[in-house]
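Visitor: Below is the file entry.txt, with compact mmCIF, C-alpha atoms.
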# COMPACT_ATOMS: atom_id res chain seq x y z
CA MET A 196 -3.84 78.63 -10.55
CA PHE A 197 -3.42 74.87 -10.93
CA LYS A 198 0.06 75.37 -12.30
CA VAL A 199 1.14 77.44 -9.27
CA GLN A 200 -0.31 74.87 -6.87
CA SER A 201 1.36 71.94 -8.61
CA LYS A 202 4.65 73.83 -8.64
CA ARG A 203 4.36 74.49 -4.91
CA SER A 204 3.49 70.88 -4.10
CA GLU A 205 6.43 69.73 -6.22
CA LYS A 206 8.69 72.05 -4.25
CA ILE A 207 7.37 70.72 -0.92
CA LYS A 208 7.85 67.16 -2.20
CA LYS A 209 11.45 67.96 -3.12
CA ILE A 210 12.15 69.47 0.32
CA ALA A 211 10.59 66.44 2.04
CA ILE A 212 12.64 63.97 0.00
CA LEU A 213 15.85 65.92 0.66
CA ALA A 214 15.10 66.18 4.41
CA VAL A 215 14.31 62.45 4.73
CA PHE A 216 17.40 61.48 2.75
CA LEU A 217 19.61 63.76 4.88
CA LEU A 218 18.14 62.51 8.16
CA LEU A 219 18.64 58.89 7.10
CA LEU A 220 22.22 59.62 6.05
CA LEU A 221 23.00 61.33 9.37
CA LEU A 222 21.36 58.51 11.31
CA ILE A 223 23.46 55.89 9.51
CA LEU A 224 26.63 57.97 9.96
CA ASN A 225 25.92 58.33 13.68
CA LEU A 226 25.20 54.61 14.09
CA PHE A 227 28.54 53.74 12.47
CA GLN A 228 30.30 56.82 13.83
CA LYS A 229 33.46 55.04 14.94
CA GLU A 230 33.93 53.18 11.67
CA VAL A 231 33.19 56.28 9.58
CA ARG A 232 35.63 58.43 11.56
CA SER A 233 38.28 55.69 11.53
CA PHE A 234 37.95 55.39 7.74
CA THR A 235 38.10 59.18 7.23
CA TYR A 236 41.17 59.56 9.44
CA SER A 237 42.94 56.64 7.73
CA ILE A 238 42.53 58.43 4.39
CA SER A 239 43.41 61.92 5.64
CA SER A 240 46.23 61.06 8.07
CA PRO A 241 49.12 60.78 5.53
CA VAL A 242 48.33 64.24 4.11
CA GLN A 243 47.68 65.70 7.57
CA LYS A 244 50.97 64.31 8.87
CA ALA A 245 52.90 65.98 6.06
CA LEU A 246 51.00 69.26 6.52
CA TRP A 247 51.60 69.20 10.29
CA LYS A 248 55.37 68.82 9.80
CA THR A 249 55.45 71.52 7.13
CA GLY A 250 53.44 73.89 9.34
CA ASN A 251 55.73 73.21 12.29
CA ASN A 252 58.91 73.90 10.31
CA PHE A 253 57.44 76.95 8.61
CA SER A 254 56.12 78.52 11.82
CA GLY A 255 59.52 77.89 13.47
CA PHE A 256 61.19 79.78 10.65
CA ILE A 257 58.72 82.68 10.86
CA VAL A 258 58.99 82.94 14.66
CA SER A 259 62.81 82.99 14.53
CA PHE A 260 62.64 85.64 11.79
CA PHE A 261 60.39 88.00 13.77
CA LYS A 262 61.89 87.34 17.19
CA ALA A 263 65.52 87.84 16.15
CA GLY A 264 65.72 91.03 18.24
CA SER A 265 64.62 89.48 21.50
CA LEU A 266 66.70 86.32 21.07
CA LYS A 267 69.78 87.72 22.83
CA LYS A 268 67.78 88.70 25.92
CA GLU A 269 66.03 85.32 25.91
CA ASN A 270 69.39 83.56 25.53
CA ASP A 271 70.82 85.39 28.55
CA GLU A 272 67.79 84.48 30.64
CA ILE A 273 68.03 80.83 29.60
CA LYS A 274 71.76 80.76 30.46
CA THR A 275 71.06 82.09 33.95
CA ARG A 276 68.21 79.63 34.41
CA ASN A 277 70.44 76.83 33.13
CA GLN A 278 73.05 77.57 35.77
CA GLU A 279 70.40 77.54 38.49
CA LEU A 280 69.11 74.20 37.22
CA LEU A 281 72.62 72.72 37.05
CA ALA A 282 73.12 73.58 40.71
CA ARG A 283 69.76 72.01 41.51
CA ILE A 284 70.61 68.84 39.54
CA ALA A 285 73.84 68.50 41.51
CA SER A 286 71.95 68.61 44.83
CA LEU A 287 69.27 66.24 43.50
CA GLU A 288 71.95 63.78 42.31
CA GLU A 289 73.23 63.70 45.87
CA SER A 290 69.69 63.01 47.17
CA LYS A 291 69.20 60.32 44.52
CA ARG A 292 72.40 58.56 45.57
CA GLU A 293 71.30 58.65 49.21
CA ASN A 294 67.85 57.41 48.21
CA GLU A 295 69.33 54.45 46.31
CA ILE A 296 71.50 53.51 49.25
CA LEU A 297 68.50 53.66 51.58
CA ARG A 298 66.36 51.60 49.16
CA GLN A 299 69.08 48.97 48.98
CA ALA A 300 69.32 48.93 52.74
CA LEU A 301 65.53 48.58 53.11
CA GLU A 302 65.29 46.20 50.11
CA ILE A 303 62.64 48.24 48.32
CA GLY A 304 62.60 47.90 44.51
CA LEU A 305 62.71 51.02 42.38
CA GLU A 306 59.48 52.10 40.77
CA LYS A 307 59.20 50.65 37.29
CA ASP A 308 59.25 53.06 34.38
CA PHE A 309 56.28 53.45 32.10
CA LYS A 310 55.74 51.42 28.97
CA LEU A 311 55.50 54.03 26.23
CA ILE A 312 54.36 54.15 22.63
CA LEU A 313 55.71 56.90 20.38
CA ALA A 314 53.01 58.69 18.40
CA GLY A 315 53.03 61.54 15.90
CA VAL A 316 50.54 64.40 15.90
CA ILE A 317 48.53 64.55 12.68
CA GLY A 318 45.92 67.20 13.37
CA LYS A 319 43.87 69.29 15.73
CA ASP A 320 40.16 69.04 16.21
CA ALA A 321 38.21 71.53 14.11
CA SER A 322 36.43 73.04 17.11
CA GLN A 323 37.58 71.88 20.52
CA ASP A 324 40.70 70.98 22.50
CA PHE A 325 41.38 67.59 20.98
CA ILE A 326 44.30 66.42 18.86
CA LEU A 327 44.60 63.48 16.52
CA ILE A 328 47.58 61.11 16.75
CA ASP A 329 48.73 58.38 14.39
CA LYS A 330 48.48 55.36 16.74
CA GLY A 331 45.33 53.31 17.29
CA PHE A 332 44.14 50.06 18.84
CA GLU A 333 46.23 48.11 16.32
CA ASP A 334 49.29 49.54 18.11
CA GLY A 335 48.04 48.71 21.60
CA VAL A 336 46.48 52.04 22.52
CA SER A 337 43.35 51.94 24.67
CA LYS A 338 40.87 54.47 26.01
CA ASP A 339 41.98 56.72 28.91
CA ASP A 340 45.70 56.06 28.38
CA PRO A 341 47.64 59.18 29.46
CA VAL A 342 49.66 61.06 26.83
CA ILE A 343 52.86 62.99 27.64
CA THR A 344 55.60 64.81 25.75
CA SER A 345 59.25 63.82 25.62
CA ALA A 346 59.91 66.38 28.39
CA ARG A 347 57.36 64.58 30.64
CA VAL A 348 54.74 67.29 30.28
CA LEU A 349 51.14 66.11 30.47
CA VAL A 350 49.19 66.43 27.23
CA GLY A 351 45.92 64.70 28.03
CA ARG A 352 44.25 61.35 27.77
CA ILE A 353 43.01 59.14 24.94
CA SER A 354 39.29 59.78 24.50
CA GLU A 355 38.55 57.78 21.36
CA VAL A 356 40.52 54.96 19.78
CA TYR A 357 40.31 54.05 16.10
CA LYS A 358 42.12 51.43 14.07
CA LYS A 359 45.23 53.42 13.19
CA SER A 360 44.60 56.72 14.96
CA SER A 361 43.31 58.07 18.26
CA LYS A 362 41.83 61.25 19.61
CA VAL A 363 43.51 62.87 22.62
CA MET A 364 41.45 65.06 24.94
CA LEU A 365 43.83 67.81 26.03
CA VAL A 366 44.07 68.84 29.67
CA SER A 367 42.74 72.22 28.50
CA ASN A 368 39.48 70.69 27.23
CA LYS A 369 36.45 71.94 29.16
CA LYS A 370 35.50 68.36 30.09
CA SER A 371 38.92 67.60 31.53
CA ALA A 372 39.77 67.66 35.25
CA LEU A 373 42.60 66.11 37.23
CA ASN A 374 44.15 66.26 40.67
CA ALA A 375 47.40 68.18 40.88
CA GLU A 376 49.77 69.72 43.39
CA VAL A 377 52.64 72.15 43.84
CA ILE A 378 55.16 69.92 45.57
CA GLU A 379 57.44 72.70 46.89
CA ARG A 380 54.55 74.33 48.77
CA ASN A 381 52.56 71.20 49.54
CA VAL A 382 49.41 72.64 47.95
CA SER A 383 46.85 70.39 46.23
CA GLY A 384 43.94 71.28 43.98
CA VAL A 385 42.15 70.43 40.78
CA ILE A 386 43.33 71.33 37.30
CA LYS A 387 40.36 72.20 35.11
CA GLY A 388 40.31 72.84 31.37
CA GLU A 389 38.95 76.18 30.20
CA GLY A 390 39.09 75.59 26.44
CA GLY A 391 41.35 77.41 23.98
CA GLN A 392 44.43 75.80 25.58
CA LYS A 393 43.82 77.53 28.90
CA ILE A 394 43.78 75.79 32.27
CA ILE A 395 43.11 76.82 35.85
CA PHE A 396 44.22 75.39 39.18
CA ASP A 397 41.05 75.41 41.23
CA LEU A 398 39.81 74.52 44.74
CA ILE A 399 42.87 75.88 46.55
CA PRO A 400 42.06 77.36 49.97
CA ARG A 401 42.60 81.13 50.25
CA GLU A 402 45.21 80.73 52.98
CA GLU A 403 47.62 78.78 50.78
CA GLU A 404 50.47 80.86 49.39
CA LEU A 405 51.45 80.36 45.77
CA SER A 406 53.58 82.49 43.49
CA ASN A 407 54.07 82.92 39.77
CA GLY A 408 56.38 80.31 38.26
CA ASP A 409 55.48 77.51 40.70
CA VAL A 410 55.42 74.18 38.86
CA VAL A 411 52.15 72.25 39.01
CA VAL A 412 52.42 68.46 38.71
CA SER A 413 49.83 65.69 38.63
CA ASN A 414 49.38 63.71 41.85
CA GLY A 415 47.54 60.74 40.38
CA LEU A 416 44.62 60.77 42.84
CA GLU A 417 41.96 60.47 40.11
CA GLY A 418 43.60 57.22 38.98
CA VAL A 419 44.06 58.10 35.33
CA PHE A 420 47.29 60.08 35.18
CA PRO A 421 50.58 58.99 36.76
CA LYS A 422 52.06 60.96 39.63
CA GLY A 423 54.70 63.65 39.10
CA ILE A 424 54.00 64.64 35.50
CA VAL A 425 54.36 68.39 34.85
CA VAL A 426 51.11 70.15 33.91
CA GLY A 427 52.29 73.77 33.75
CA GLN A 428 53.47 76.81 35.66
CA VAL A 429 51.44 79.22 37.77
CA SER A 430 50.96 82.43 35.79
CA ASP A 431 48.29 84.45 37.63
CA ILE A 432 46.66 84.25 41.06
CA LYS A 433 43.16 85.60 41.76
CA LYS A 434 41.85 85.92 45.30
CA ASP A 435 38.22 86.86 45.68
CA ASP A 436 36.90 88.13 49.05
CA THR A 437 33.59 86.35 48.58
CA SER A 438 35.08 82.95 47.82
CA SER A 439 36.85 80.62 50.22
CA PHE A 440 39.00 79.33 47.36
CA GLN A 441 41.52 81.10 45.22
CA GLN A 442 41.65 80.60 41.49
CA VAL A 443 45.03 80.23 39.87
CA GLU A 444 45.73 80.51 36.17
CA VAL A 445 48.28 78.03 34.93
CA LYS A 446 50.37 78.34 31.78
CA TYR A 447 49.80 75.01 30.07
CA GLY A 448 53.15 73.26 29.63
CA PHE A 449 52.17 71.58 26.37
CA ASP A 450 52.56 73.82 23.34
CA ILE A 451 50.73 72.31 20.40
CA LYS A 452 52.79 74.35 17.95
CA ARG A 453 56.07 72.85 19.07
CA GLU A 454 55.36 69.15 19.48
CA ASN A 455 55.62 66.64 16.67
CA ALA A 456 56.02 63.48 18.72
CA LEU A 457 54.17 62.42 21.86
CA PHE A 458 54.28 59.37 24.13
CA ILE A 459 51.30 57.28 25.15
CA ILE A 460 51.66 55.56 28.53
CA VAL A 461 50.17 52.12 28.02
CA GLU A 462 51.25 50.50 31.29
CA MET B 23 22.43 72.84 -9.79
CA SER B 24 25.78 72.95 -11.55
CA TYR B 25 27.67 69.71 -10.93
CA LYS B 26 30.93 71.33 -11.97
CA LYS B 27 30.58 74.16 -9.44
CA THR B 28 29.55 71.72 -6.70
CA SER B 29 32.54 69.44 -7.37
CA VAL B 30 34.91 72.42 -7.23
CA ALA B 31 33.37 73.52 -3.91
CA ILE B 32 33.74 70.00 -2.44
CA ILE B 33 37.41 69.74 -3.47
CA VAL B 34 38.17 73.21 -2.07
CA LEU B 35 36.38 72.32 1.20
CA CYS B 36 38.51 69.18 1.60
CA LEU B 37 41.69 71.20 1.06
CA ILE B 38 40.60 73.91 3.49
CA LEU B 39 39.77 71.35 6.17
CA LEU B 40 43.16 69.64 5.86
CA LEU B 41 44.91 73.02 6.06
CA GLN B 42 42.76 74.16 8.97
CA THR B 43 43.31 71.05 11.11
CA SER B 44 46.99 70.45 10.35
CA PHE B 45 48.82 73.40 8.85
CA LEU B 46 47.14 76.54 10.19
CA VAL B 47 47.19 75.24 13.79
CA HIS B 48 50.79 76.47 13.93
CA PHE B 49 49.81 80.01 12.97
CA GLY B 50 46.80 80.55 15.24
CA LEU B 51 46.53 83.75 17.26
CA PHE B 52 46.25 83.05 21.01
CA GLY B 53 45.47 79.41 20.19
CA TYR B 54 42.58 80.24 17.87
CA VAL B 55 42.43 79.31 14.21
CA PRO B 56 39.64 80.94 12.18
CA ASN B 57 37.07 78.53 10.83
CA LEU B 58 37.86 78.95 7.14
CA ILE B 59 35.22 76.44 6.10
CA VAL B 60 32.48 78.70 7.47
CA VAL B 61 34.09 81.75 5.82
CA PHE B 62 34.29 79.90 2.48
CA LEU B 63 30.68 78.69 2.72
CA ILE B 64 29.37 82.19 3.51
CA PHE B 65 31.06 83.60 0.40
CA TRP B 66 30.07 80.61 -1.73
CA ASN B 67 26.42 81.04 -0.76
CA ILE B 68 26.50 84.80 -1.35
CA PHE B 69 27.98 84.45 -4.83
CA ASP B 70 25.93 81.39 -5.78
CA ARG B 71 23.01 82.77 -7.78
CA ASP B 72 21.43 79.38 -8.43
CA LYS B 73 17.69 79.87 -7.80
CA ASN B 74 16.90 76.15 -7.57
CA LEU B 75 16.05 74.68 -4.21
CA ILE B 76 18.91 72.20 -4.36
CA SER B 77 21.73 74.58 -5.25
CA SER B 78 25.47 74.09 -5.24
CA GLY B 79 25.57 76.41 -2.19
CA LEU B 80 23.29 74.07 -0.24
CA ILE B 81 25.18 70.90 -1.22
CA ALA B 82 28.51 72.59 -0.38
CA SER B 83 27.07 73.64 3.02
CA ILE B 84 25.93 70.07 3.80
CA PHE B 85 29.33 68.67 2.79
CA GLY B 86 31.23 71.36 4.72
CA GLY B 87 29.15 70.72 7.84
CA LEU B 88 29.74 67.00 7.49
CA LEU B 89 33.51 67.51 7.25
CA LEU B 90 33.50 69.72 10.35
CA ASP B 91 31.49 67.08 12.22
CA LEU B 92 33.79 64.25 11.18
CA PHE B 93 36.83 66.18 12.38
CA SER B 94 35.33 67.25 15.69
CA SER B 95 34.01 65.28 18.64
CA ARG B 96 30.39 66.31 18.38
CA ILE B 97 27.46 64.27 17.14
CA ILE B 98 27.46 63.99 13.32
CA GLY B 99 24.80 66.43 12.12
CA PHE B 100 25.44 69.32 14.49
CA ASN B 101 27.46 71.41 12.04
CA VAL B 102 25.44 70.13 9.07
CA ALA B 103 22.29 71.67 10.61
CA ILE B 104 24.09 74.96 11.30
CA MET B 105 25.50 75.15 7.76
CA ILE B 106 22.12 74.36 6.13
CA ALA B 107 20.46 77.05 8.24
CA MET B 108 23.20 79.50 7.27
CA SER B 109 22.81 78.66 3.58
CA PHE B 110 19.01 79.17 3.66
CA PHE B 111 19.40 82.38 5.65
CA ILE B 112 21.84 83.87 3.13
CA LYS B 113 19.66 82.74 0.19
CA VAL B 114 16.52 84.28 1.69
CA ILE B 115 18.26 87.54 2.58
CA PHE B 116 19.87 87.92 -0.84
CA LYS B 117 16.76 86.82 -2.74
CA ASN B 118 14.36 89.20 -1.03
CA TYR B 119 16.26 92.15 0.36
CA VAL B 120 19.62 92.62 -1.38
CA ARG B 121 20.29 93.70 -4.93
CA VAL B 122 23.96 94.04 -5.80
CA PRO B 123 24.50 94.56 -9.55
CA PHE B 124 27.95 93.04 -9.79
CA ILE B 125 26.85 89.85 -7.95
CA GLU B 126 23.94 89.43 -10.37
CA ARG B 127 26.40 89.01 -13.21
CA PHE B 128 27.91 85.78 -11.72
Using structure tokens, write down the structure from this file.

Guide:
Amino acid sequence: MFKVQSKRSEKIKKIAILAVFLLLLLLILNLFQKEVRSFTYSISSPVQKALWKTGNNFSGFIVSFFKAGSLKKENDEIKTRNQELLARIASLEESKRENEILRQALEIGLEKDFKLILAGVIGKDASQDFILIDKGFEDGVSKDDPVITSARVLVGRISEVYKKSSKVMLVSNKKSALNAEVIERNVSGVIKGEGGQKIIFDLIPREEELSNGDVVVSNGLEGVFPKGIVVGQVSDIKKDDTSSFQQVEVKYGFDIKRENALFIIVE
Amino acid sequence: MSYKKTSVAIIVLCLILLLQTSFLVHFGLFGYVPNLIVVFLIFWNIFDRDKNLISSGLIASIFGGLLLDLFSSRIIGFNVAIMIAMSFFIKVIFKNYVRVPFIERF
């Protein structure tokens, strides 16, 4: 009887010690969260960087292997699209020239370009829509700096900065929201993250006409992202009789599988 | 608790996490990558027949949860709590209700 009781009390004592030790450990880790994470990422980033590049090359190879059949069709479509875009560039060049002449005449300076920092992707968050990049406050990165791709597609904003790495909250994160517009149709709304790399274009009045393929760009009203950065393309439009707004699904322009290098806008 | 088994589990967990956050991202289906750490810990706890309170399954679960927390944006301890609960749940179920002969041999 005594033996059983002493065994039980020993067991309870063990559980209590383990629980207290664990709670203390977690408390300390949470108090020094930034330092702990910074240290962990500094150790893991060289391996992660190599794995990211290997994964990117390997997936590219696999995709080209399986999609060999549809490549011809895709190539034809791209050629047609390319011709359309060339025609559009020609007309835009003409507008640009006119614009420059008018600016000179009115003595207005051209808008300065962004100051950019090149950063490499080293990993994706284990659970949510965040990515890890290899530039930190040592390189001049600060919180809320916008991040774009080389093709000027919006990726997200810096949410946490560490010594040599930073965390980027993707536009598709559930906590992310930004003002955006479809310039061709003069329609404005809010881009909201849905998680799982999905985004929606919300708060658009029912009367506004949009169609699949329309390009959604940021309009900079929230004061974080610059104006005119591509967010994605309209992929599905849902109009509900009970709601005064329509909800538009947008195909996120940033494909995490394709990008190795990103740009952080620091000024 | 076997220190050898626990060390092996910790090394494997580190490797899985690095693969999951950097390599497997490129092979996800519809943007989703399975949480291999959870899958590994479930199997580790099922096959861990250590009857001590502090078993290698429990330590591996704490470490795995900690790794998931460090590489996510949540408060540190969120995944640790889930993994500990999962470990205890599996241990209780297998101790009291399940008898699989070939598992007993491990």

Visitor: Do you know which residues lie at most 12 Å from (42.9, 80.1, 14.8), with coordinates as in the file and all atoms listed in the file counted, and could you write them as a VMD selection string?

Guide: (chain A and resid 319 to 323 391 to 392 452) or (chain B and resid 41 to 58)

Visitor: Write out as a list in words the residues lying within 8 Å of Leu88 (chain B), counting all atoms listed in the file and excluding same-chain residues fewer than 4 positions away.

Guide: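 Contacts, in chain order: Ile84, Leu92, Ile98, Gly99, Asn101 and Val102 of chain B.
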
Visitor: Have a look at A:Ser383, A:Ser354, A:Asn407, A:Gln278 and name the one nearest to Ser371 (chain A); count all atoms listed in the file.

Guide: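 Answer, going by the shortest atom-to-atom distance: A:Ser354.
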
Visitor: Give me the residues of chain A that have any atom at most 8 Å from an atom of chain B; for each, the nearest atom pair and the distance in Å, rounded to one decimal. Use only C-alpha atoms, sort by chain and number, and format it as a Markdown table.

Guide:
| residue | atom | partner | partner_atom | distance |
| --- | --- | --- | --- | --- |
| A:Lys206 | CA | B:Leu75 | CA | 7.8 |
| A:Ile210 | CA | B:Leu75 | CA | 7.9 |
| A:Leu221 | CA | B:Gly99 | CA | 6.1 |
| A:Leu224 | CA | B:Ile98 | CA | 6.9 |
| A:Asn225 | CA | B:Ile98 | CA | 5.9 |
| A:Gln228 | CA | B:Ile98 | CA | 7.7 |
| A:Arg232 | CA | B:Leu92 | CA | 6.1 |
| A:Thr235 | CA | B:Leu92 | CA | 7.7 |
| A:Ser239 | CA | B:Leu40 | CA | 7.7 |
| A:Val242 | CA | B:Leu40 | CA | 7.7 |
| A:Gln243 | CA | B:Ser44 | CA | 5.5 |
| A:Lys244 | CA | B:Ser44 | CA | 7.5 |
| A:Leu246 | CA | B:Phe45 | CA | 5.2 |
| A:Trp247 | CA | B:Ser44 | CA | 4.8 |
| A:Thr249 | CA | B:Phe45 | CA | 7.1 |
| A:Gly250 | CA | B:Phe45 | CA | 4.7 |
| A:Asn251 | CA | B:His48 | CA | 6.1 |
| A:Ser254 | CA | B:His48 | CA | 6.1 |
| A:Ile317 | CA | B:Ser44 | CA | 6.5 |
| A:Gly318 | CA | B:Ser44 | CA | 4.6 |
| A:Lys319 | CA | B:Thr43 | CA | 5.0 |
| A:Asp320 | CA | B:Ser94 | CA | 5.2 |
| A:Ala321 | CA | B:Ser94 | CA | 5.4 |
| A:Ser322 | CA | B:Ser94 | CA | 6.1 |
| A:Gln323 | CA | B:Ser94 | CA | 7.1 |
| A:Gly391 | CA | B:Gly53 | CA | 5.9 |
| A:Gln392 | CA | B:Gly53 | CA | 6.6 |
| A:Ile451 | CA | B:His48 | CA | 7.7 |
| A:Lys452 | CA | B:His48 | CA | 5.0 |

Visitor: With C-alpha atoms retained, could you export that selection as a PDB file, in the frame of the given file?

Guide:
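Writing done, so here's selection.pdb:
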ATOM      1  CA  LYS A 206       8.690  72.050  -4.250  1.00  0.00           C
ATOM      2  CA  ILE A 210      12.150  69.470   0.320  1.00  0.00           C
ATOM      3  CA  LEU A 221      23.000  61.330   9.370  1.00  0.00           C
ATOM      4  CA  LEU A 224      26.630  57.970   9.960  1.00  0.00           C
ATOM      5  CA  ASN A 225      25.920  58.330  13.680  1.00  0.00           C
ATOM      6  CA  GLN A 228      30.300  56.820  13.830  1.00  0.00           C
ATOM      7  CA  ARG A 232      35.630  58.430  11.560  1.00  0.00           C
ATOM      8  CA  THR A 235      38.100  59.180   7.230  1.00  0.00           C
ATOM      9  CA  SER A 239      43.410  61.920   5.640  1.00  0.00           C
ATOM     10  CA  VAL A 242      48.330  64.240   4.110  1.00  0.00           C
ATOM     11  CA  GLN A 243      47.680  65.700   7.570  1.00  0.00           C
ATOM     12  CA  LYS A 244      50.970  64.310   8.870  1.00  0.00           C
ATOM     13  CA  LEU A 246      51.000  69.260   6.520  1.00  0.00           C
ATOM     14  CA  TRP A 247      51.600  69.200  10.290  1.00  0.00           C
ATOM     15  CA  THR A 249      55.450  71.520   7.130  1.00  0.00           C
ATOM     16  CA  GLY A 250      53.440  73.890   9.340  1.00  0.00           C
ATOM     17  CA  ASN A 251      55.730  73.210  12.290  1.00  0.00           C
ATOM     18  CA  SER A 254      56.120  78.520  11.820  1.00  0.00           C
ATOM     19  CA  ILE A 317      48.530  64.550  12.680  1.00  0.00           C
ATOM     20  CA  GLY A 318      45.920  67.200  13.370  1.00  0.00           C
ATOM     21  CA  LYS A 319      43.870  69.290  15.730  1.00  0.00           C
ATOM     22  CA  ASP A 320      40.160  69.040  16.210  1.00  0.00           C
ATOM     23  CA  ALA A 321      38.210  71.530  14.110  1.00  0.00           C
ATOM     24  CA  SER A 322      36.430  73.040  17.110  1.00  0.00           C
ATOM     25  CA  GLN A 323      37.580  71.880  20.520  1.00  0.00           C
ATOM     26  CA  GLY A 391      41.350  77.410  23.980  1.00  0.00           C
ATOM     27  CA  GLN A 392      44.430  75.800  25.580  1.00  0.00           C
ATOM     28  CA  ILE A 451      50.730  72.310  20.400  1.00  0.00           C
ATOM     29  CA  LYS A 452      52.790  74.350  17.950  1.00  0.00           C
TER      30      LYS A 452
END

Visitor: What are the centre and the three edge lengths of an axis-aligned box that wraps all atoms of region 337-347 of chain A in the file, given that 6 Å is added to every side, written as JSON and rounded to one decimal in Å?

Guide:
{"center_x": 50.4, "center_y": 59.2, "center_z": 27.7, "size_x": 31.0, "size_y": 26.4, "size_z": 18.0}

Visitor: For CA of Ser78 (chain B) and CA of Ile32 (chain B), quote the distance in Å rounded to one decimal.

Guide: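 Computing the Euclidean distance for CA of Ser78 (chain B) and CA of Ile32 (chain B) yields 9.6 Å.
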
Visitor: Find the residue from A:Leu297, A:Ala211, A:Ile386, A:Val363 that sits nearest to Phe325 (chain A); use only C-alpha atoms when measuring.

Guide: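 With only C-alpha atoms as the atom set, the closest residue is A:Val363.
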
Visitor: Mind pulling up the distance from CA of Glu376 (chain A) to CA of Ser413 (chain A)?

Guide: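 Interatomic distance, CA of Ser413 (chain A) to CA of Glu376 (chain A): 6.2 Å.
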
Visitor: How many Å lie between CA of Leu365 (chain A) and CA of Arg352 (chain A), rounded to one decimal?

Guide: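 Here the two named atoms are 6.7 Å from each other.
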
Visitor: Which residue, A:Phe458, A:Glu272, A:Gly315, A:Asn252, has the smallest gap to Asp329 (chain A) when you use all atoms listed in the file?

Guide: A:Gly315

Visitor: Pick out the residues sitting within 12 Å of Asp72 (chain B), and hand them over as a tab-separated table (two decimals) with C-alpha atoms, in the frame of the given file; count only C-alpha atoms, and ignore anything fewer than 2 positions along from it in its own chain.

Guide:
chain	number	residue	atom	x	y	z
B	23	MET	CA	22.43	72.84	-9.79
B	24	SER	CA	25.78	72.95	-11.55
B	25	TYR	CA	27.67	69.71	-10.93
B	27	LYS	CA	30.58	74.16	-9.44
B	28	THR	CA	29.55	71.72	-6.70
B	66	TRP	CA	30.07	80.61	-1.73
B	67	ASN	CA	26.42	81.04	-0.76
B	68	ILE	CA	26.50	84.80	-1.35
B	69	PHE	CA	27.98	84.45	-4.83
B	70	ASP	CA	25.93	81.39	-5.78
B	74	ASN	CA	16.90	76.15	-7.57
B	75	LEU	CA	16.05	74.68	-4.21
B	76	ILE	CA	18.91	72.20	-4.36
B	77	SER	CA	21.73	74.58	-5.25
B	78	SER	CA	25.47	74.09	-5.24
B	79	GLY	CA	25.57	76.41	-2.19
B	80	LEU	CA	23.29	74.07	-0.24
B	81	ILE	CA	25.18	70.90	-1.22
B	113	LYS	CA	19.66	82.74	0.19
B	116	PHE	CA	19.87	87.92	-0.84
B	117	LYS	CA	16.76	86.82	-2.74
B	125	ILE	CA	26.85	89.85	-7.95
B	126	GLU	CA	23.94	89.43	-10.37
B	127	ARG	CA	26.40	89.01	-13.21
B	128	PHE	CA	27.91	85.78	-11.72

Visitor: List the neighbours of Val382 (chain A) out to 9 Å using all atoms listed in the file; skip same-chain residues closer than 2 positions along the sequence, and give me the result as a PyMOL selection string.

Guide: chain A and resi 375-380+384+399-400+403-405

Visitor: Tell me which of B:Leu37, B:Ala82, B:Val114, B:Ala107 sits closest to Phe65 (chain B), counting all atoms listed in the file.

Guide: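 Using all atoms listed in the file, Phe65 (chain B) sits closest to B:Ala82.
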
Visitor: Would you mind telling me which residue in B:Gly86, B:Ile104, B:Lys73, B:Ala31 lies nearest to Asn118 (chain B) when using only C-alpha atoms?

Guide: B:Lys73
